[in-house]
>>> print(open('run_38.tsv').read())   # TSV, C-alpha atoms
chain	number	residue	atom	x	y	z
A	587	MET	CA	-68.93	-30.21	54.67
A	588	PRO	CA	-66.20	-28.53	52.57
A	589	TYR	CA	-63.59	-31.02	51.35
A	590	PHE	CA	-60.38	-30.65	49.39
A	591	LEU	CA	-59.33	-33.44	47.02
A	592	GLY	CA	-55.66	-34.28	46.51
A	593	ILE	CA	-54.27	-36.52	43.76
A	594	ASP	CA	-50.73	-37.90	43.42
A	595	THR	CA	-49.39	-40.31	40.79
A	596	SER	CA	-45.78	-40.80	41.79
A	597	ASN	CA	-43.27	-43.29	40.45
A	598	TYR	CA	-44.48	-46.14	42.67
A	599	THR	CA	-47.83	-45.18	44.25
A	600	THR	CA	-51.27	-44.12	43.04
A	601	SER	CA	-53.05	-42.10	45.74
A	602	ALA	CA	-55.93	-39.73	46.42
A	603	SER	CA	-56.98	-37.95	49.62
A	604	LEU	CA	-59.87	-35.89	50.97
A	605	TYR	CA	-59.15	-33.21	53.58
A	606	ASN	CA	-62.10	-32.16	55.72
A	607	SER	CA	-61.56	-28.48	56.49
A	608	GLU	CA	-64.16	-28.44	59.28
A	609	ASN	CA	-62.58	-31.01	61.57
A	610	GLY	CA	-59.08	-31.39	60.05
A	611	SER	CA	-59.47	-35.10	59.29
A	612	MET	CA	-57.91	-36.81	56.29
A	613	LEU	CA	-59.31	-39.74	54.33
A	614	PHE	CA	-57.03	-41.39	51.78
A	615	ARG	CA	-56.62	-44.36	49.51
A	616	LYS	CA	-53.40	-45.53	47.83
A	617	ARG	CA	-52.03	-48.49	45.95
A	618	LEU	CA	-48.47	-49.44	45.03
A	619	LEU	CA	-47.63	-49.94	41.38
A	620	PRO	CA	-46.86	-53.60	40.62
A	621	VAL	CA	-43.16	-54.44	40.22
A	622	ARG	CA	-41.98	-57.88	39.12
A	623	ASN	CA	-39.99	-60.00	41.55
A	624	GLY	CA	-36.27	-59.41	41.29
A	625	GLU	CA	-36.62	-55.98	39.68
A	626	CYS	CA	-35.70	-52.67	41.34
A	627	GLY	CA	-38.28	-50.42	39.74
A	628	LEU	CA	-40.40	-49.53	36.72
A	629	ARG	CA	-39.91	-47.80	33.41
A	630	GLN	CA	-41.86	-44.56	33.20
A	631	SER	CA	-44.04	-45.95	30.40
A	632	ASP	CA	-45.05	-48.85	32.66
A	633	ALA	CA	-45.69	-46.50	35.59
A	634	VAL	CA	-47.98	-44.37	33.42
A	635	PHE	CA	-49.87	-47.46	32.26
A	636	HIS	CA	-50.46	-48.71	35.81
A	637	HIS	CA	-51.56	-45.26	37.04
A	638	VAL	CA	-54.10	-45.03	34.20
A	639	ARG	CA	-55.55	-48.35	35.38
A	640	GLN	CA	-55.38	-47.69	39.13
A	641	LEU	CA	-56.37	-44.04	39.56
A	642	PRO	CA	-60.07	-44.40	38.61
A	643	ARG	CA	-60.40	-47.24	41.13
A	644	ILE	CA	-58.62	-45.27	43.85
A	645	ILE	CA	-60.87	-42.23	43.38
A	646	SER	CA	-63.96	-44.43	43.20
A	647	GLU	CA	-63.04	-46.10	46.49
A	648	LEU	CA	-62.30	-42.75	48.12
A	649	LEU	CA	-65.62	-41.20	47.05
A	650	ASP	CA	-67.74	-44.27	47.74
A	651	GLY	CA	-70.61	-43.03	49.92
A	652	PHE	CA	-69.16	-39.51	49.93
A	653	GLY	CA	-71.79	-36.91	50.79
A	654	GLY	CA	-69.74	-33.76	51.19
A	655	LYS	CA	-68.81	-30.94	48.83
A	656	ILE	CA	-65.45	-30.80	47.05
A	657	VAL	CA	-64.40	-27.14	47.11
A	658	ALA	CA	-61.11	-27.41	45.21
A	659	ILE	CA	-58.69	-29.95	43.81
A	660	GLY	CA	-54.93	-30.19	44.32
A	661	VAL	CA	-52.60	-32.32	42.24
A	662	THR	CA	-48.89	-33.03	42.06
A	663	SER	CA	-47.74	-32.13	38.56
A	664	ARG	CA	-43.94	-32.33	38.93
A	665	PRO	CA	-41.27	-33.86	41.17
A	666	ARG	CA	-39.81	-30.58	42.52
A	667	ASP	CA	-40.32	-26.83	42.32
A	668	VAL	CA	-37.36	-26.24	40.00
A	669	GLU	CA	-37.26	-25.34	36.33
A	670	GLY	CA	-37.45	-28.36	34.05
A	671	SER	CA	-38.66	-30.73	36.77
A	672	TYR	CA	-40.74	-33.34	34.95
A	673	MET	CA	-41.71	-36.99	35.16
A	674	PRO	CA	-44.30	-38.60	32.84
A	675	CYS	CA	-46.14	-40.44	35.62
A	676	PHE	CA	-47.43	-37.17	37.06
A	677	THR	CA	-49.31	-36.38	33.84
A	678	VAL	CA	-51.85	-39.09	34.70
A	679	GLY	CA	-52.86	-37.35	37.93
A	680	LEU	CA	-52.77	-33.92	36.30
A	681	SER	CA	-55.04	-34.85	33.38
A	682	THR	CA	-57.50	-36.56	35.73
A	683	ALA	CA	-57.53	-33.53	38.04
A	684	GLU	CA	-58.13	-31.20	35.08
A	685	ILE	CA	-61.16	-33.25	34.01
A	686	LEU	CA	-62.60	-33.35	37.53
A	687	SER	CA	-62.01	-29.62	37.97
A	688	SER	CA	-63.89	-28.89	34.75
A	689	VAL	CA	-66.80	-31.22	35.54
A	690	LEU	CA	-67.19	-30.09	39.16
A	691	LYS	CA	-66.47	-26.43	38.27
A	692	VAL	CA	-64.01	-26.01	41.12
A	693	PRO	CA	-60.49	-24.49	41.18
A	694	LEU	CA	-57.45	-26.63	40.44
A	695	TYR	CA	-54.10	-26.04	42.13
A	696	SER	CA	-50.88	-27.83	41.24
A	697	PHE	CA	-47.93	-28.50	43.53
A	698	SER	CA	-44.69	-30.45	43.48
A	699	HIS	CA	-44.47	-33.99	44.80
A	700	GLN	CA	-41.74	-32.85	47.19
A	701	SER	CA	-43.91	-30.09	48.67
A	702	GLY	CA	-46.64	-32.68	49.17
A	703	HIS	CA	-44.27	-34.89	51.15
A	704	ILE	CA	-43.26	-32.00	53.40
A	705	ALA	CA	-46.87	-30.89	53.94
A	706	ALA	CA	-47.93	-34.48	54.75
A	707	ALA	CA	-45.19	-34.68	57.38
A	708	LEU	CA	-46.25	-31.37	58.95
A	709	TYR	CA	-49.93	-32.36	58.91
A	710	SER	CA	-49.36	-35.76	60.50
A	711	ALA	CA	-46.97	-34.33	63.12
A	712	ASN	CA	-49.51	-31.58	63.94
A	713	LYS	CA	-46.90	-28.94	63.10
A	714	THR	CA	-48.52	-27.07	60.19
A	715	GLU	CA	-47.69	-23.76	61.88
A	716	LEU	CA	-44.11	-24.27	60.65
A	717	MET	CA	-45.37	-23.29	57.18
A	718	LYS	CA	-45.28	-19.69	58.43
A	719	LYS	CA	-41.53	-19.77	59.17
A	720	GLN	CA	-38.27	-21.14	57.81
A	721	PHE	CA	-37.18	-24.68	58.60
A	722	LEU	CA	-35.09	-27.55	57.26
A	723	ALA	CA	-36.73	-30.57	55.69
A	724	PHE	CA	-35.23	-33.85	54.58
A	725	HIS	CA	-36.96	-35.70	51.74
A	726	VAL	CA	-35.45	-39.19	51.67
A	727	SER	CA	-36.99	-41.80	49.37
A	728	GLY	CA	-36.29	-44.02	46.38
A	729	GLY	CA	-36.25	-41.07	44.02
A	730	THR	CA	-34.85	-38.33	46.24
A	731	THR	CA	-32.27	-37.75	48.94
A	732	GLU	CA	-32.28	-34.03	49.64
A	733	ALA	CA	-32.12	-31.53	52.45
A	734	ILE	CA	-34.36	-28.56	51.72
A	735	LEU	CA	-34.57	-25.04	53.08
A	736	VAL	CA	-38.30	-24.32	53.32
A	737	SER	CA	-39.79	-20.81	53.48
A	738	PRO	CA	-43.37	-19.43	53.42
A	739	ASP	CA	-44.70	-18.59	49.94
A	740	LYS	CA	-48.10	-17.13	49.03
A	741	GLU	CA	-48.13	-18.69	45.57
A	742	ARG	CA	-46.85	-22.19	46.39
A	743	ILE	CA	-47.64	-22.11	50.14
A	744	ILE	CA	-44.09	-23.30	50.80
A	745	ASN	CA	-40.97	-22.44	48.82
A	746	THR	CA	-38.33	-25.16	48.63
A	747	GLU	CA	-34.64	-24.60	47.99
A	748	ILE	CA	-32.18	-27.50	47.93
A	749	ALA	CA	-29.56	-27.12	50.66
A	750	ALA	CA	-27.80	-30.47	50.14
A	751	HIS	CA	-28.34	-33.65	48.15
A	752	THR	CA	-26.91	-36.99	47.11
A	753	LEU	CA	-24.22	-36.95	44.45
A	754	ASP	CA	-25.02	-40.48	43.26
A	755	LEU	CA	-27.50	-43.02	44.66
A	756	ASN	CA	-30.65	-42.09	46.55
A	757	ALA	CA	-31.05	-43.71	49.96
A	758	GLY	CA	-34.18	-45.57	48.88
A	759	GLN	CA	-32.41	-46.84	45.77
A	760	LEU	CA	-29.61	-48.20	47.92
A	761	ILE	CA	-32.05	-49.93	50.26
A	762	ASP	CA	-33.99	-51.48	47.38
A	763	ARG	CA	-30.85	-52.67	45.56
A	764	VAL	CA	-29.49	-54.30	48.69
A	765	GLY	CA	-32.91	-55.75	49.51
A	766	VAL	CA	-33.39	-57.27	46.05
A	767	MET	CA	-29.88	-58.72	46.30
A	768	LEU	CA	-30.99	-60.40	49.54
A	769	GLY	CA	-34.11	-61.80	47.87
A	770	LEU	CA	-36.60	-59.33	49.38
A	771	SER	CA	-39.70	-57.97	47.68
A	772	PHE	CA	-39.63	-54.49	46.12
A	773	PRO	CA	-39.97	-51.98	47.70
A	774	CYS	CA	-37.67	-53.50	50.29
A	775	GLY	CA	-37.65	-51.02	53.16
A	776	LYS	CA	-39.96	-52.82	55.59
A	777	GLU	CA	-38.44	-56.26	55.08
A	778	LEU	CA	-34.90	-54.89	55.32
A	779	GLU	CA	-35.79	-53.16	58.58
A	780	LYS	CA	-37.15	-56.42	60.04
A	781	LEU	CA	-33.91	-58.20	59.22
A	782	ALA	CA	-31.80	-55.33	60.58
A	783	LEU	CA	-33.64	-55.45	63.90
A	784	GLU	CA	-32.51	-59.08	64.27
A	785	ASN	CA	-28.82	-58.26	63.74
A	786	THR	CA	-26.60	-58.85	66.78
A	787	GLU	CA	-23.22	-58.06	65.21
A	788	LYS	CA	-21.36	-54.79	65.75
A	789	LEU	CA	-21.71	-52.25	62.94
A	790	SER	CA	-18.95	-49.79	62.12
A	791	VAL	CA	-19.70	-47.18	59.45
A	792	LYS	CA	-18.42	-43.85	58.20
A	793	ALA	CA	-20.38	-41.38	56.07
A	794	THR	CA	-18.93	-40.06	52.81
A	795	LEU	CA	-19.71	-36.36	52.41
A	796	LYS	CA	-18.54	-33.52	50.19
A	797	GLY	CA	-19.54	-30.44	52.10
A	798	ALA	CA	-23.10	-31.26	53.15
A	799	ASP	CA	-23.73	-33.37	50.03
A	800	CYS	CA	-23.49	-37.13	50.33
A	801	CYS	CA	-22.32	-40.17	48.36
A	802	LEU	CA	-24.01	-43.55	48.82
A	803	SER	CA	-22.88	-45.67	45.86
A	804	GLY	CA	-19.90	-46.98	47.84
A	805	VAL	CA	-22.28	-48.42	50.42
A	806	GLU	CA	-23.84	-50.67	47.78
A	807	ASN	CA	-20.38	-52.01	46.96
A	808	ILE	CA	-19.67	-52.65	50.65
A	809	CYS	CA	-22.94	-54.55	51.06
A	810	ARG	CA	-22.33	-56.60	47.90
A	811	ARG	CA	-18.87	-57.49	49.13
A	812	ALA	CA	-20.30	-58.61	52.46
A	813	TYR	CA	-22.90	-60.70	50.61
A	814	GLY	CA	-20.16	-62.31	48.52
A	815	GLU	CA	-18.29	-63.16	51.71
A	816	GLY	CA	-21.34	-65.04	52.99
A	817	ARG	CA	-22.24	-62.60	55.79
A	818	LYS	CA	-25.69	-63.00	57.33
A	819	ARG	CA	-28.64	-61.18	55.76
A	820	GLU	CA	-29.38	-59.59	59.14
A	821	TYR	CA	-25.89	-58.10	59.28
A	822	ILE	CA	-25.99	-56.79	55.71
A	823	SER	CA	-29.43	-55.24	56.30
A	824	GLY	CA	-28.25	-53.56	59.49
A	825	LEU	CA	-25.07	-52.36	57.79
A	826	CYS	CA	-27.02	-50.79	54.91
A	827	LEU	CA	-29.42	-48.94	57.20
A	828	LYS	CA	-26.64	-47.85	59.56
A	829	TYR	CA	-24.83	-46.21	56.63
A	830	VAL	CA	-28.04	-44.40	55.61
A	831	GLU	CA	-28.63	-43.25	59.18
A	832	LYS	CA	-25.05	-42.04	59.63
A	833	THR	CA	-25.09	-40.22	56.29
A	834	ILE	CA	-28.33	-38.33	56.95
A	835	GLU	CA	-27.16	-37.54	60.48
A	836	GLU	CA	-23.89	-36.00	59.26
A	837	MET	CA	-25.72	-34.00	56.58
A	838	CYS	CA	-28.12	-32.67	59.20
A	839	LEU	CA	-25.35	-31.70	61.64
A	840	LYS	CA	-23.47	-29.78	58.94
A	841	LEU	CA	-26.59	-27.90	57.88
A	842	LEU	CA	-27.56	-27.05	61.45
A	843	ASP	CA	-24.16	-25.40	61.84
A	844	LYS	CA	-25.29	-23.02	59.08
A	845	TYR	CA	-29.00	-22.81	59.97
A	846	LYS	CA	-28.72	-22.72	63.75
A	847	GLY	CA	-31.95	-23.19	65.67
A	848	PHE	CA	-33.99	-24.24	62.65
A	849	PRO	CA	-36.60	-26.96	63.24
A	850	VAL	CA	-36.00	-30.12	61.20
A	851	VAL	CA	-38.72	-32.12	59.46
A	852	PHE	CA	-38.08	-35.60	58.05
A	853	SER	CA	-40.27	-36.94	55.24
A	854	GLY	CA	-40.20	-39.66	52.59
A	855	GLY	CA	-40.52	-43.42	52.80
A	856	VAL	CA	-36.99	-44.04	54.11
A	857	MET	CA	-37.67	-41.85	57.13
A	858	SER	CA	-40.47	-44.15	58.29
A	859	ASN	CA	-37.75	-46.62	59.31
A	860	SER	CA	-38.14	-47.08	63.06
A	861	ILE	CA	-34.39	-47.55	63.69
A	862	ILE	CA	-33.47	-44.24	62.06
A	863	LYS	CA	-36.50	-42.40	63.44
A	864	ASN	CA	-35.93	-43.43	67.04
A	865	ASN	CA	-32.26	-42.45	66.95
A	866	PHE	CA	-32.91	-39.09	65.28
A	867	GLU	CA	-35.66	-38.12	67.71
A	868	LYS	CA	-33.06	-38.37	70.48
A	869	LYS	CA	-30.42	-36.33	68.62
A	870	PHE	CA	-32.40	-33.57	66.92
A	871	ASP	CA	-35.33	-31.25	67.57
A	872	ALA	CA	-37.03	-33.10	64.74
A	873	TYR	CA	-40.51	-33.88	63.51
A	874	PHE	CA	-41.46	-36.98	61.55
A	875	ALA	CA	-44.43	-37.95	59.43
A	876	LYS	CA	-46.46	-40.82	60.81
A	877	PRO	CA	-45.66	-44.03	58.87
A	878	GLU	CA	-48.83	-43.87	56.79
A	879	PHE	CA	-47.92	-40.33	55.72
A	880	SER	CA	-44.20	-40.98	55.14
A	881	ALA	CA	-44.31	-42.92	51.89
A	882	ASP	CA	-45.86	-41.39	48.77
A	883	ASN	CA	-49.37	-40.12	49.42
A	884	ALA	CA	-51.77	-37.40	48.27
A	885	SER	CA	-52.60	-36.10	51.74
A	886	GLY	CA	-50.01	-33.32	51.74
A	887	THR	CA	-51.31	-32.20	48.36
A	888	ALA	CA	-54.89	-32.09	49.67
A	889	PHE	CA	-53.75	-29.98	52.62
A	890	LEU	CA	-51.73	-27.63	50.40
A	891	CYS	CA	-54.86	-27.27	48.24
A	892	TYR	CA	-56.81	-26.18	51.30
A	893	CYS	CA	-54.13	-23.64	52.29
A	894	LYS	CA	-53.91	-22.21	48.76
A	895	HIS	CA	-57.69	-21.90	48.48
A	896	LYS	CA	-57.81	-20.01	51.78
A	897	ILE	CA	-55.21	-17.49	50.56
A	898	ASP	CA	-56.77	-17.00	47.11
A	899	ASN	CA	-60.23	-16.48	48.59
A	900	ARG	CA	-59.07	-14.58	51.70
A	901	ILE	CA	-60.91	-16.98	53.96
>>> encode(input="run_38.tsv", output="structure tokens")
Amino acid sequence: MPYFLGIDTSNYTTSASLYNSENGSMLFRKRLLPVRNGECGLRQSDAVFHHVRQLPRIISELLDGFGGKIVAIGVTSRPRDVEGSYMPCFTVGLSTAEILSSVLKVPLYSFSHQSGHIAAALYSANKTELMKKQFLAFHVSGGTTEAILVSPDKERIINTEIAAHTLDLNAGQLIDRVGVMLGLSFPCGKELEKLALENTEKLSVKATLKGADCCLSGVENICRRAYGEGRKREYISGLCLKYVEKTIEEMCLKLLDKYKGFPVVFSGGVMSNSIIKNNFEKKFDAYFAKPEFSADNASGTAFLCYCKHKIDNRI
């Protein structure tokens, strides 16, 4: 069977995926990078070190008992498809992919981490046909809070152009900072969501936007003030997530005024939050990645590799 291997070494997850082009199935393995209790992230040098240790194990687990044929390899080599986009952690995946490509004598294709997120969302939502048209995508995570205009592209498969973005904190950063303040384990999204679901107090929030761009740093201050006042953890968690939801909602509404009728795709770890997802599915003609494809993963990269190989070989 022809398979396409995808590799992604992002800031917090080591992952590899195999896409089966005959039946459309995806097999993947991933592991979070270790972060010490009480800390909100990793230095790039530490992320590189952990990827070097974890990636061989991830690939070994993925290929254990594998009897198919790897036709091509895809790898994320940069955060975004913009000039100067670079992050050291991606060099681990790239160097490994280059070695495997040389040993297996198969083509190597590189993509951005952001494009991989969008492709993973489309694959898991069974909406890959959107790659042939324009649509809006939100990439909301610890490292990114952006709305993207996506268009078909023969070279990159999808072309991404930033339509709006955060002017300070990313949504995932906000969630992790508030979560660590509340004593939760990093990354804090799942635990914060559990607490928020237990909140019974009324939440009143207002988004801070400049055009379609957003500001989230003030929300951290509001949550810290509430914590200092002794408010319940459930309330603070709900307040934080309600601000994120309201902010992304207002950004989306403003952009849909400009890009009327465009489908909307939500990707990134923050968008796996059930509270936000359920509310947005009611308000927008939107598509979401399944939870296992929302956070960082190599599956979108494996699928992009398959699409690129088809174009280059006119299959």
>>> residues_around(input="run_38.tsv", residues="Leu783 of chain A", least_positions_apart="3", cutoff="12 Å", atoms="only C-alpha atoms", output="NGL selection string")
:A and (776-780 or 786-787 or 819-825 or 827-828 or 859-862)
>>> closest_residue(input="run_38.tsv", among="A:Pro665, A:Gly797, A:Pro642, A:Gly847", to="Ser681 of chain A", atoms="all atoms listed in the file")
A:Pro642
>>> closest_residue(input="run_38.tsv", among="A:Gly886, A:Ala705, A:Ala812, A:Phe590", to="Asn606 of chain A", atoms="only C-alpha atoms")
A:Phe590
>>> residues_around(input="run_38.tsv", residues="Val634 of chain A", least_positions_apart="6", cutoff="9 Å", atoms="only C-alpha atoms", output="JSON, numbers by chain")
{"A": [595, 597, 674, 675, 676, 677, 678]}
>>> atom_distance(input="run_38.tsv", atom1="atom CA of Gly854 of chain A", atom2="atom CA of His703 of chain A")
6.4 Å
>>> closest_residue(input="run_38.tsv", among="A:Ser601, A:Ser696, A:Ser688, A:Gln720", to="His895 of chain A", atoms="all atoms listed in the file")
A:Ser696
>>> atom_distance(input="run_38.tsv", atom1="atom CA of Ala872 of chain A", atom2="atom CA of Cys774 of chain A")
25.0 Å
>>> atom_distance(input="run_38.tsv", atom1="atom CA of Gly729 of chain A", atom2="atom CA of Met717 of chain A")
23.9 Å
>>> closest_residue(input="run_38.tsv", among="A:Arg615, A:Lys718, A:Lys713, A:Lys832", to="Tyr873 of chain A", atoms="only C-alpha atoms")
A:Lys713
>>> residues_around(input="run_38.tsv", residues="Gly627 of chain A", least_positions_apart="4", cutoff="10 Å", atoms="only C-alpha atoms", output="ChimeraX atom specification")
/A:597-598,619-623,632-633,728,759,762-763,772-773
>>> residues_around(input="run_38.tsv", residues="Arg664 of chain A", least_positions_apart="4", cutoff="6 Å", atoms="only C-alpha atoms", output="MDAnalysis selection string")
chainID A and resid 671:672 698
>>> residues_near_point(input="run_38.tsv", point="(-33.3, -30.9, 59.6)", cutoff="9 Å", atoms="only C-alpha atoms", output="PyMOL selection string")
chain A and resi 721-724+733-735+837-839+841-842+848-852+870-873
>>> residues_around(input="run_38.tsv", residues="segment 879-885 of chain A", least_positions_apart="4", cutoff="8 Å", atoms="all atoms listed in the file", output="PyMOL selection string")
chain A and resi 592-594+596+598-605+612+614+616+661+702-703+706-707+710+727+853-858+875+889
